[in-house]
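Just query.cif here, mmCIF, C-alpha atoms:
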```cif
data_entry
#
loop_
_atom_site.group_PDB
_atom_site.id
_atom_site.type_symbol
_atom_site.label_atom_id
_atom_site.label_comp_id
_atom_site.auth_asym_id
_atom_site.auth_seq_id
_atom_site.Cartn_x
_atom_site.Cartn_y
_atom_site.Cartn_z
ATOM 1 C CA MET A 1 115.645 134.047 105.849
ATOM 2 C CA ALA A 2 117.000 130.635 104.922
ATOM 3 C CA TRP A 3 118.824 129.620 101.762
ATOM 4 C CA VAL A 4 118.679 126.181 100.188
ATOM 5 C CA LEU A 5 120.128 124.552 97.083
ATOM 6 C CA PRO A 6 118.008 124.444 93.919
ATOM 7 C CA ALA A 7 116.364 121.176 92.885
ATOM 8 C CA PHE A 8 115.096 119.790 89.603
ATOM 9 C CA HIS A 9 111.683 118.367 88.766
ATOM 10 C CA ASN A 10 110.502 116.799 85.513
ATOM 11 C CA GLY A 11 113.864 117.626 83.953
ATOM 12 C CA ARG A 12 113.797 121.358 84.552
ATOM 13 C CA SER A 13 114.846 123.725 87.310
ATOM 14 C CA GLN A 14 111.987 124.877 89.501
ATOM 15 C CA SER A 15 111.476 128.115 91.357
ATOM 16 C CA LEU A 16 112.069 127.114 94.963
ATOM 17 C CA PHE A 17 110.255 129.944 96.671
ATOM 18 C CA MET A 18 108.534 128.802 99.830
ATOM 19 C CA LYS A 19 106.716 130.730 102.506
ATOM 20 C CA VAL A 20 105.970 128.830 105.686
ATOM 21 C CA THR A 21 103.366 130.229 108.073
ATOM 22 C CA TYR A 22 102.961 128.916 111.596
ATOM 23 C CA ILE A 23 99.234 129.039 112.290
ATOM 24 C CA TYR A 24 98.833 127.322 115.662
ATOM 25 C CA HIS A 25 99.858 124.132 117.471
ATOM 26 C CA SER A 26 100.517 121.675 114.597
ATOM 27 C CA GLY A 27 98.944 123.881 111.939
ATOM 28 C CA PHE A 28 101.234 125.179 109.194
ATOM 29 C CA ALA A 29 100.823 126.495 105.678
ATOM 30 C CA VAL A 30 103.510 126.060 103.030
ATOM 31 C CA GLU A 31 103.099 128.327 100.008
ATOM 32 C CA LEU A 32 104.956 127.258 96.883
ATOM 33 C CA SER A 33 105.017 128.954 93.506
ATOM 34 C CA GLY A 34 101.958 127.141 92.183
ATOM 35 C CA CYS A 35 100.152 125.754 95.205
ATOM 36 C CA VAL A 36 99.591 125.935 98.945
ATOM 37 C CA LEU A 37 99.846 123.008 101.374
ATOM 38 C CA LEU A 38 97.825 123.468 104.569
ATOM 39 C CA PHE A 39 98.474 120.986 107.387
ATOM 40 C CA ASP A 40 96.368 120.149 110.460
ATOM 41 C CA TYR A 41 94.499 123.424 110.693
ATOM 42 C CA TYR A 42 91.870 123.662 113.401
ATOM 43 C CA LYS A 43 92.195 127.188 114.796
ATOM 44 C CA GLY A 44 94.088 130.402 114.231
ATOM 45 C CA ARG A 45 94.250 133.037 111.523
ATOM 46 C CA LEU A 46 94.969 131.803 108.030
ATOM 47 C CA PRO A 47 96.945 133.777 105.448
ATOM 48 C CA ARG A 48 95.167 134.939 102.322
ATOM 49 C CA TRP A 49 96.204 133.396 99.044
ATOM 50 C CA GLU A 50 95.343 134.016 95.412
ATOM 51 C CA LYS A 51 91.797 132.828 94.827
ATOM 52 C CA ASP A 52 92.737 130.533 91.935
ATOM 53 C CA LYS A 53 95.874 129.073 93.491
ATOM 54 C CA ARG A 54 95.725 125.321 94.076
ATOM 55 C CA LEU A 55 95.096 124.626 97.765
ATOM 56 C CA TYR A 56 95.796 121.183 99.200
ATOM 57 C CA VAL A 57 94.460 120.671 102.728
ATOM 58 C CA PHE A 58 95.778 117.844 104.915
ATOM 59 C CA ALA A 59 94.374 116.476 108.171
ATOM 60 C CA SER A 60 96.515 113.789 109.806
ATOM 61 C CA HIS A 61 93.772 112.421 112.078
ATOM 62 C CA ARG A 62 90.473 113.148 113.773
ATOM 63 C CA HIS A 63 91.662 114.657 117.075
ATOM 64 C CA ALA A 64 90.196 118.100 117.693
ATOM 65 C CA ASP A 65 93.637 119.738 117.845
ATOM 66 C CA HIS A 66 94.404 118.519 114.295
ATOM 67 C CA PHE A 67 91.078 118.551 112.444
ATOM 68 C CA SER A 68 88.113 120.885 112.274
ATOM 69 C CA LEU A 69 85.143 121.128 109.956
ATOM 70 C CA LYS A 70 86.237 124.739 109.427
ATOM 71 C CA ILE A 71 88.572 123.516 106.709
ATOM 72 C CA PHE A 72 85.534 123.100 104.483
ATOM 73 C CA ASP A 73 84.871 126.843 104.642
ATOM 74 C CA LEU A 74 87.872 127.137 102.333
ATOM 75 C CA ASP A 75 85.790 125.523 99.615
ATOM 76 C CA HIS A 76 83.778 128.750 99.413
ATOM 77 C CA GLN A 77 86.824 131.018 99.458
ATOM 78 C CA TYR A 78 89.069 129.365 96.870
ATOM 79 C CA ASN A 79 88.391 127.899 93.460
ATOM 80 C CA ASN A 80 90.750 124.940 93.498
ATOM 81 C CA VAL A 81 90.707 123.071 96.820
ATOM 82 C CA HIS A 82 91.372 119.404 97.480
ATOM 83 C CA TYR A 83 91.389 117.636 100.852
ATOM 84 C CA PHE A 84 93.597 114.743 101.928
ATOM 85 C CA LEU A 85 92.176 113.272 105.115
ATOM 86 C CA SER A 86 93.372 110.350 107.181
ATOM 87 C CA ASN A 87 90.808 107.586 106.813
ATOM 88 C CA ASP A 88 89.977 107.660 110.533
ATOM 89 C CA ILE A 89 88.069 110.881 109.689
ATOM 90 C CA ARG A 90 84.707 109.554 108.538
ATOM 91 C CA LEU A 91 82.345 112.029 106.913
ATOM 92 C CA ASN A 92 79.116 110.558 105.601
ATOM 93 C CA GLU A 93 76.535 112.672 103.825
ATOM 94 C CA LYS A 94 74.159 112.875 106.801
ATOM 95 C CA TYR A 95 76.966 114.105 109.055
ATOM 96 C CA LEU A 96 77.912 116.777 106.529
ATOM 97 C CA GLU A 97 74.270 117.822 106.180
ATOM 98 C CA ARG A 98 73.864 118.157 109.963
ATOM 99 C CA ASN A 99 76.867 120.466 109.976
ATOM 100 C CA HIS A 100 75.617 122.536 107.025
ATOM 101 C CA ILE A 101 78.379 121.362 104.684
ATOM 102 C CA SER A 102 77.458 120.592 101.095
ATOM 103 C CA ALA A 103 77.675 116.902 100.258
ATOM 104 C CA SER A 104 79.445 117.916 97.037
ATOM 105 C CA VAL A 105 82.596 118.531 99.076
ATOM 106 C CA LYS A 106 83.089 114.759 99.160
ATOM 107 C CA GLU A 107 84.123 114.945 95.503
ATOM 108 C CA ARG A 108 87.179 116.906 96.628
ATOM 109 C CA ILE A 109 88.196 114.579 99.470
ATOM 110 C CA THR A 110 90.785 111.833 99.191
ATOM 111 C CA ALA A 111 90.806 109.523 102.203
ATOM 112 C CA ILE A 112 94.157 107.878 102.805
ATOM 113 C CA GLY A 113 95.374 105.270 105.263
ATOM 114 C CA LYS A 114 98.724 104.359 106.767
ATOM 115 C CA ASN A 115 101.762 103.343 104.694
ATOM 116 C CA LYS A 116 100.205 104.339 101.367
ATOM 117 C CA GLU A 117 101.477 106.204 98.322
ATOM 118 C CA LEU A 118 99.557 108.096 95.671
ATOM 119 C CA ILE A 119 100.109 110.628 92.926
ATOM 120 C CA PHE A 120 97.446 113.281 92.590
ATOM 121 C CA ASP A 121 97.429 115.057 89.210
ATOM 122 C CA LYS A 122 95.197 117.915 88.317
ATOM 123 C CA PRO A 123 93.742 117.909 84.789
ATOM 124 C CA GLY A 124 96.477 118.827 82.342
ATOM 125 C CA GLY A 125 99.212 117.051 84.312
ATOM 126 C CA ASN A 126 102.614 118.334 85.502
ATOM 127 C CA ASP A 127 101.244 120.260 88.468
ATOM 128 C CA GLY A 128 100.255 117.437 90.796
ATOM 129 C CA ILE A 129 101.723 116.196 94.036
ATOM 130 C CA LYS A 130 103.023 112.897 95.345
ATOM 131 C CA LEU A 131 101.833 111.774 98.751
ATOM 132 C CA GLN A 132 103.227 109.108 101.071
ATOM 133 C CA THR A 133 101.946 108.257 104.552
ATOM 134 C CA LEU A 134 103.460 106.682 107.635
ATOM 135 C CA ARG A 135 101.529 105.020 110.425
ATOM 136 C CA SER A 136 101.033 107.269 113.435
ATOM 137 C CA THR A 137 101.872 106.009 116.910
ATOM 138 C CA ASP A 138 98.619 107.614 118.050
ATOM 139 C CA GLU A 139 95.827 108.170 115.522
ATOM 140 C CA GLY A 140 95.933 108.519 111.769
ATOM 141 C CA VAL A 141 98.994 109.162 109.648
ATOM 142 C CA ALA A 142 102.064 111.271 109.054
ATOM 143 C CA PHE A 143 102.388 112.910 105.625
ATOM 144 C CA ILE A 144 105.295 113.132 103.206
ATOM 145 C CA VAL A 145 104.396 115.459 100.338
ATOM 146 C CA SER A 146 106.446 116.038 97.192
ATOM 147 C CA ALA A 147 105.484 119.110 95.184
ATOM 148 C CA GLU A 148 107.367 121.444 92.823
ATOM 149 C CA GLY A 149 110.685 119.731 93.533
ATOM 150 C CA ARG A 150 110.224 119.978 97.304
ATOM 151 C CA CYS A 151 109.776 117.204 99.873
ATOM 152 C CA ILE A 152 107.871 118.110 103.033
ATOM 153 C CA TYR A 153 107.233 115.993 106.137
ATOM 154 C CA HIS A 154 104.401 116.609 108.594
ATOM 155 C CA GLY A 155 104.377 114.186 111.502
ATOM 156 C CA GLY A 156 100.835 114.684 112.785
ATOM 157 C CA ASP A 157 100.809 112.647 116.004
ATOM 158 C CA LEU A 158 103.579 110.294 114.903
ATOM 159 C CA ASN A 159 105.895 110.681 117.885
ATOM 160 C CA TRP A 160 107.810 108.779 120.537
ATOM 161 C CA TRP A 161 105.069 109.013 123.164
ATOM 162 C CA HIS A 162 106.649 108.066 126.498
ATOM 163 C CA TRP A 163 104.247 108.751 129.354
ATOM 164 C CA GLU A 164 105.312 108.583 132.999
ATOM 165 C CA GLY A 165 101.979 107.101 134.065
ATOM 166 C CA GLU A 166 101.979 104.270 131.535
ATOM 167 C CA THR A 167 103.324 100.748 131.943
ATOM 168 C CA SER A 168 106.798 99.731 130.817
ATOM 169 C CA LEU A 169 105.239 97.510 128.168
ATOM 170 C CA PHE A 170 103.231 100.410 126.718
ATOM 171 C CA ASN A 171 106.288 102.654 126.544
ATOM 172 C CA GLU A 172 108.465 99.913 125.065
ATOM 173 C CA ASN A 173 105.898 99.241 122.355
ATOM 174 C CA MET A 174 105.639 102.952 121.631
ATOM 175 C CA ALA A 175 109.411 103.251 121.268
ATOM 176 C CA ARG A 176 109.508 100.270 118.914
ATOM 177 C CA ASP A 177 106.616 101.519 116.794
ATOM 178 C CA TYR A 178 108.048 105.015 116.427
ATOM 179 C CA ARG A 179 111.515 103.782 115.503
ATOM 180 C CA ARG A 180 110.000 101.401 112.934
ATOM 181 C CA GLU A 181 108.206 104.212 111.119
ATOM 182 C CA ILE A 182 111.174 106.590 111.087
ATOM 183 C CA ASP A 183 113.511 103.758 110.088
ATOM 184 C CA SER A 184 111.304 103.227 107.034
ATOM 185 C CA VAL A 185 112.456 106.642 105.744
ATOM 186 C CA GLU A 186 116.054 106.292 106.955
ATOM 187 C CA GLY A 187 118.298 108.864 105.299
ATOM 188 C CA MET A 188 115.458 110.575 103.427
ATOM 189 C CA HIS A 189 115.940 114.247 102.570
ATOM 190 C CA PHE A 190 113.253 116.739 103.569
ATOM 191 C CA ASP A 191 113.307 120.401 102.636
ATOM 192 C CA ILE A 192 110.987 121.080 105.561
ATOM 193 C CA ALA A 193 109.925 118.840 108.433
ATOM 194 C CA PHE A 194 107.242 119.541 111.045
ATOM 195 C CA VAL A 195 108.012 117.373 114.087
ATOM 196 C CA PRO A 196 106.382 117.160 117.564
ATOM 197 C CA LEU A 197 108.229 118.551 120.581
ATOM 198 C CA ASP A 198 105.661 118.001 123.328
ATOM 199 C CA PRO A 199 106.373 119.371 126.849
ATOM 200 C CA ARG A 200 103.756 117.081 128.424
ATOM 201 C CA LEU A 201 106.213 114.200 128.045
ATOM 202 C CA GLU A 202 108.507 115.800 130.647
ATOM 203 C CA SER A 203 112.041 114.435 130.269
ATOM 204 C CA ALA A 204 111.004 112.512 127.140
ATOM 205 C CA TYR A 205 109.732 115.627 125.353
ATOM 206 C CA CYS A 206 112.520 115.480 122.763
ATOM 207 C CA TRP A 207 113.058 111.755 122.198
ATOM 208 C CA GLY A 208 111.033 111.723 118.999
ATOM 209 C CA MET A 209 112.807 114.818 117.685
ATOM 210 C CA ASP A 210 116.207 113.315 118.533
ATOM 211 C CA TYR A 211 115.487 110.111 116.655
ATOM 212 C CA PHE A 212 114.031 111.906 113.649
ATOM 213 C CA LEU A 213 117.045 114.195 113.293
ATOM 214 C CA GLU A 214 119.503 111.338 113.708
ATOM 215 C CA HIS A 215 117.870 109.174 111.025
ATOM 216 C CA THR A 216 116.697 111.596 108.316
ATOM 217 C CA ARG A 217 118.219 114.566 106.473
ATOM 218 C CA PRO A 218 115.996 117.616 106.961
ATOM 219 C CA GLU A 219 117.065 121.085 105.831
ATOM 220 C CA ARG A 220 114.696 122.980 108.140
ATOM 221 C CA VAL A 221 112.758 121.610 111.117
ATOM 222 C CA PHE A 222 109.741 123.329 112.663
ATOM 223 C CA PRO A 223 108.892 121.996 116.140
ATOM 224 C CA MET A 224 105.160 121.626 116.747
ATOM 225 C CA HIS A 225 102.561 120.274 119.180
ATOM 226 C CA MET A 226 104.069 122.433 121.943
ATOM 227 C CA TRP A 227 100.845 123.662 123.572
ATOM 228 C CA ASP A 228 102.098 127.290 123.516
ATOM 229 C CA GLU A 229 105.290 126.326 125.371
ATOM 230 C CA TYR A 230 107.580 127.849 122.754
ATOM 231 C CA GLY A 231 110.483 128.079 125.201
ATOM 232 C CA TYR A 232 110.984 124.359 124.709
ATOM 233 C CA ILE A 233 112.588 125.089 121.340
ATOM 234 C CA GLU A 234 115.447 126.981 122.954
ATOM 235 C CA LYS A 235 115.587 124.398 125.730
ATOM 236 C CA TYR A 236 115.995 121.661 123.150
ATOM 237 C CA LYS A 237 118.628 123.553 121.180
ATOM 238 C CA ASN A 238 120.664 123.791 124.381
ATOM 239 C CA THR A 239 120.697 120.026 124.898
ATOM 240 C CA TRP A 240 123.648 117.988 123.686
ATOM 241 C CA ALA A 241 121.574 116.343 120.949
ATOM 242 C CA GLY A 242 119.730 119.504 119.953
ATOM 243 C CA SER A 243 122.880 121.602 119.761
ATOM 244 C CA ARG A 244 124.165 119.435 116.900
ATOM 245 C CA TYR A 245 121.164 120.451 114.795
ATOM 246 C CA SER A 246 120.536 123.963 116.083
ATOM 247 C CA ASP A 247 121.138 125.513 112.651
ATOM 248 C CA LYS A 248 118.264 123.449 111.245
ATOM 249 C CA ILE A 249 115.709 124.086 114.004
ATOM 250 C CA MET A 250 113.455 127.078 113.406
ATOM 251 C CA GLU A 251 112.474 129.410 116.230
ATOM 252 C CA ILE A 252 108.742 129.873 116.827
ATOM 253 C CA HIS A 253 107.478 132.505 119.257
ATOM 254 C CA GLN A 254 103.848 133.099 118.336
ATOM 255 C CA PRO A 255 101.113 132.204 115.845
ATOM 256 C CA GLY A 256 101.249 133.976 112.521
ATOM 257 C CA GLN A 257 105.027 133.932 112.117
ATOM 258 C CA GLU A 258 106.175 133.699 108.513
ATOM 259 C CA TYR A 259 109.398 132.244 107.161
ATOM 260 C CA LYS A 260 110.528 132.945 103.583
ATOM 261 C CA ILE A 261 112.833 130.485 101.879
ATOM 262 C CA TRP A 262 114.338 131.126 98.440
ATOM 263 C CA ASN A 263 116.685 129.302 96.108
ATOM 264 C CA ILE A 264 120.219 130.601 95.538
#
```
Translate the structure of the given file into structure tokens.
Amino acid sequence: MAWVLPAFHNGRSQSLFMKVTYIYHSGFAVELSGCVLLFDYYKGRLPRWEKDKRLYVFASHRHADHFSLKIFDLDHQYNNVHYFLSNDIRLNEKYLERNHISASVKERITAIGKNKELIFDKPGGNDGIKLQTLRSTDEGVAFIVSAEGRCIYHGGDLNWWHWEGETSLFNENMARDYRREIDSVEGMHFDIAFVPLDPRLESAYCWGMDYFLEHTRPERVFPMHMWDEYGYIEKYKNTWAGSRYSDKIMEIHQPGQEYKIWNI
């Protein structure tokens, strides 16, 4: 269990209960007192939540390991669902019809592009969320979500992608683009951050994580996009850079793990 300092929202202290569930790959659920944030779900077993609890579903981009039409099944299971989809995910009515999804679901979709901000308020006010996006270095966006006095970062495929088979120019551009996006939130505090740690990058697997940790102020960091190679978390924590932040980096061993975080 982790302990964090209380925060204030709209002039009053908030209950800072959070339950984080690792679903699979880059899929996580964050349950707060009044709502649930579900990020990049495409496979795995979902928790069950109260039927009337507000459920906000985020998909950072169209890749099959970050987005699935299965998220729209939630519309039949819960009474208060809204979807925030990167605008590279294009869902016209004919496409939805072919996949046996009611066209009415479009009323509950907000498409959002890179480097945007919006405030989403439910009727009655005071229980909405604030959303900010960064530009991904691959497809789509990264999300920064503020809800109930919490600030949560989900990187999607925003990462320092350095591939051995690519040209020097490609890798230099990737490094520049990643640093630019993270520099735009220099020093920002995150209660939780979900950040790629991808073993396919070989020796560069942790460059994005290094830069993120050095330039922001996260309380808890959940590595993701590991392709079931969970041993890379311990490997990273044993590096010189990772050892400086080892108290912040959460251990993940298998899908379905839950992490409960309470205020003092």
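Between CA of Tyr78 in chain A and CA of Glu148 in chain A lies a distance of 20.3 Å.
With the shown file loaded, the PyMOL selection byres ((chain A and resi 40) around 6) picks out Gly27, Phe39, Tyr41, Ala59, His66 and Phe67 of chain A.
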On this file, the PyMOL selection byres ((chain A and resi 30) around 9) gives some set of residues; write that set as a PDB file with C-alpha atoms, keeping the file's coordinate frame.
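What follows is the written file result-v1.pdb:
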```
ATOM      1  CA  MET A  18     108.534 128.802  99.830  1.00  0.00           C
ATOM      2  CA  LYS A  19     106.716 130.730 102.506  1.00  0.00           C
ATOM      3  CA  VAL A  20     105.970 128.830 105.686  1.00  0.00           C
ATOM      4  CA  THR A  21     103.366 130.229 108.073  1.00  0.00           C
ATOM      5  CA  PHE A  28     101.234 125.179 109.194  1.00  0.00           C
ATOM      6  CA  ALA A  29     100.823 126.495 105.678  1.00  0.00           C
ATOM      7  CA  GLU A  31     103.099 128.327 100.008  1.00  0.00           C
ATOM      8  CA  LEU A  32     104.956 127.258  96.883  1.00  0.00           C
ATOM      9  CA  CYS A  35     100.152 125.754  95.205  1.00  0.00           C
ATOM     10  CA  VAL A  36      99.591 125.935  98.945  1.00  0.00           C
ATOM     11  CA  LEU A  37      99.846 123.008 101.374  1.00  0.00           C
ATOM     12  CA  LEU A  38      97.825 123.468 104.569  1.00  0.00           C
ATOM     13  CA  PHE A  39      98.474 120.986 107.387  1.00  0.00           C
TER      14      PHE A  39
END
```
Residues matched by the PyMOL selection byres ((chain A and resi 192) around 10) as a PyMOL selection string: chain A and resi 18+20+30+150-154+189-191+193-195+217-222+248
With C-alpha atoms kept, could you save the residues just selected as a JSON list (two decimals), keeping the file's coordinate frame?
```
[["chain", "number", "residue", "atom", "x", "y", "z"],
["A", 18, "MET", "CA", 108.53, 128.80, 99.83],
["A", 20, "VAL", "CA", 105.97, 128.83, 105.69],
["A", 30, "VAL", "CA", 103.51, 126.06, 103.03],
["A", 150, "ARG", "CA", 110.22, 119.98, 97.30],
["A", 151, "CYS", "CA", 109.78, 117.20, 99.87],
["A", 152, "ILE", "CA", 107.87, 118.11, 103.03],
["A", 153, "TYR", "CA", 107.23, 115.99, 106.14],
["A", 154, "HIS", "CA", 104.40, 116.61, 108.59],
["A", 189, "HIS", "CA", 115.94, 114.25, 102.57],
["A", 190, "PHE", "CA", 113.25, 116.74, 103.57],
["A", 191, "ASP", "CA", 113.31, 120.40, 102.64],
["A", 193, "ALA", "CA", 109.92, 118.84, 108.43],
["A", 194, "PHE", "CA", 107.24, 119.54, 111.04],
["A", 195, "VAL", "CA", 108.01, 117.37, 114.09],
["A", 217, "ARG", "CA", 118.22, 114.57, 106.47],
["A", 218, "PRO", "CA", 116.00, 117.62, 106.96],
["A", 219, "GLU", "CA", 117.06, 121.08, 105.83],
["A", 220, "ARG", "CA", 114.70, 122.98, 108.14],
["A", 221, "VAL", "CA", 112.76, 121.61, 111.12],
["A", 222, "PHE", "CA", 109.74, 123.33, 112.66],
["A", 248, "LYS", "CA", 118.26, 123.45, 111.24]]
```
For CA of Asp183 in chain A and CA of Lys237 in chain A, determine how far apart the two atoms are, in Å to one decimal place. 23.3 Å
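Nearest residue to Gly165 in chain A among A:Asp65, A:Glu181, A:Glu202, A:Asp75 is A:Glu202, counting only C-alpha atoms.
The coordinates place CA of Leu158 in chain A at 15.4 Å from CA of Phe170 in chain A.
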If the box runs along x, y and z of the file and leaves 3 Å on each side of range 223-231 of chain A, what are its centre and edge lengths in Å, one decimal, as JSON?
```
{"center_x": 105.7, "center_y": 124.2, "center_z": 120.8, "size_x": 15.6, "size_y": 13.8, "size_z": 15.2}
```
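Checking A:Arg179, A:Lys235, A:Arg54, A:Arg62 one by one against Tyr42 in chain A, counting all atoms listed in the file, you find the shortest gap at A:Arg62.
With distances taken over all atoms listed in the file, A:Ala147 is the one residue among A:Ala147, A:Ala64, A:Ala175, A:Leu134 lying closest to Phe17 in chain A.
Using only C-alpha atoms for every distance, the candidate list A:Arg45, A:His225, A:Arg108, A:His253 yields A:Arg108 as the residue closest to Phe58 in chain A.
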Quick one: of A:Pro223, A:Val145, A:Arg90, A:Glu229, who's nearest to Ile119 in chain A, counting only C-alpha atoms? A:Val145
Excluding Asn99 in chain A and residues on its chain fewer than 3 positions from it, collect all residues at most 12 Å away from it, counting all atoms listed in the file, and give them as a short mmCIF file (atom, residue, chain, number, x, y, z; two decimals) with C-alpha atoms, in the frame of the given file.
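Output saved as out_39.cif:
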```cif
data_model
loop_
_atom_site.label_atom_id
_atom_site.label_comp_id
_atom_site.auth_asym_id
_atom_site.auth_seq_id
_atom_site.Cartn_x
_atom_site.Cartn_y
_atom_site.Cartn_z
CA SER A 68 88.11 120.88 112.27
CA LEU A 69 85.14 121.13 109.96
CA LYS A 70 86.24 124.74 109.43
CA PHE A 72 85.53 123.10 104.48
CA ASP A 73 84.87 126.84 104.64
CA LEU A 91 82.34 112.03 106.91
CA ASN A 92 79.12 110.56 105.60
CA GLU A 93 76.54 112.67 103.82
CA LYS A 94 74.16 112.88 106.80
CA TYR A 95 76.97 114.10 109.06
CA LEU A 96 77.91 116.78 106.53
CA SER A 102 77.46 120.59 101.10
CA ALA A 103 77.68 116.90 100.26
#
```
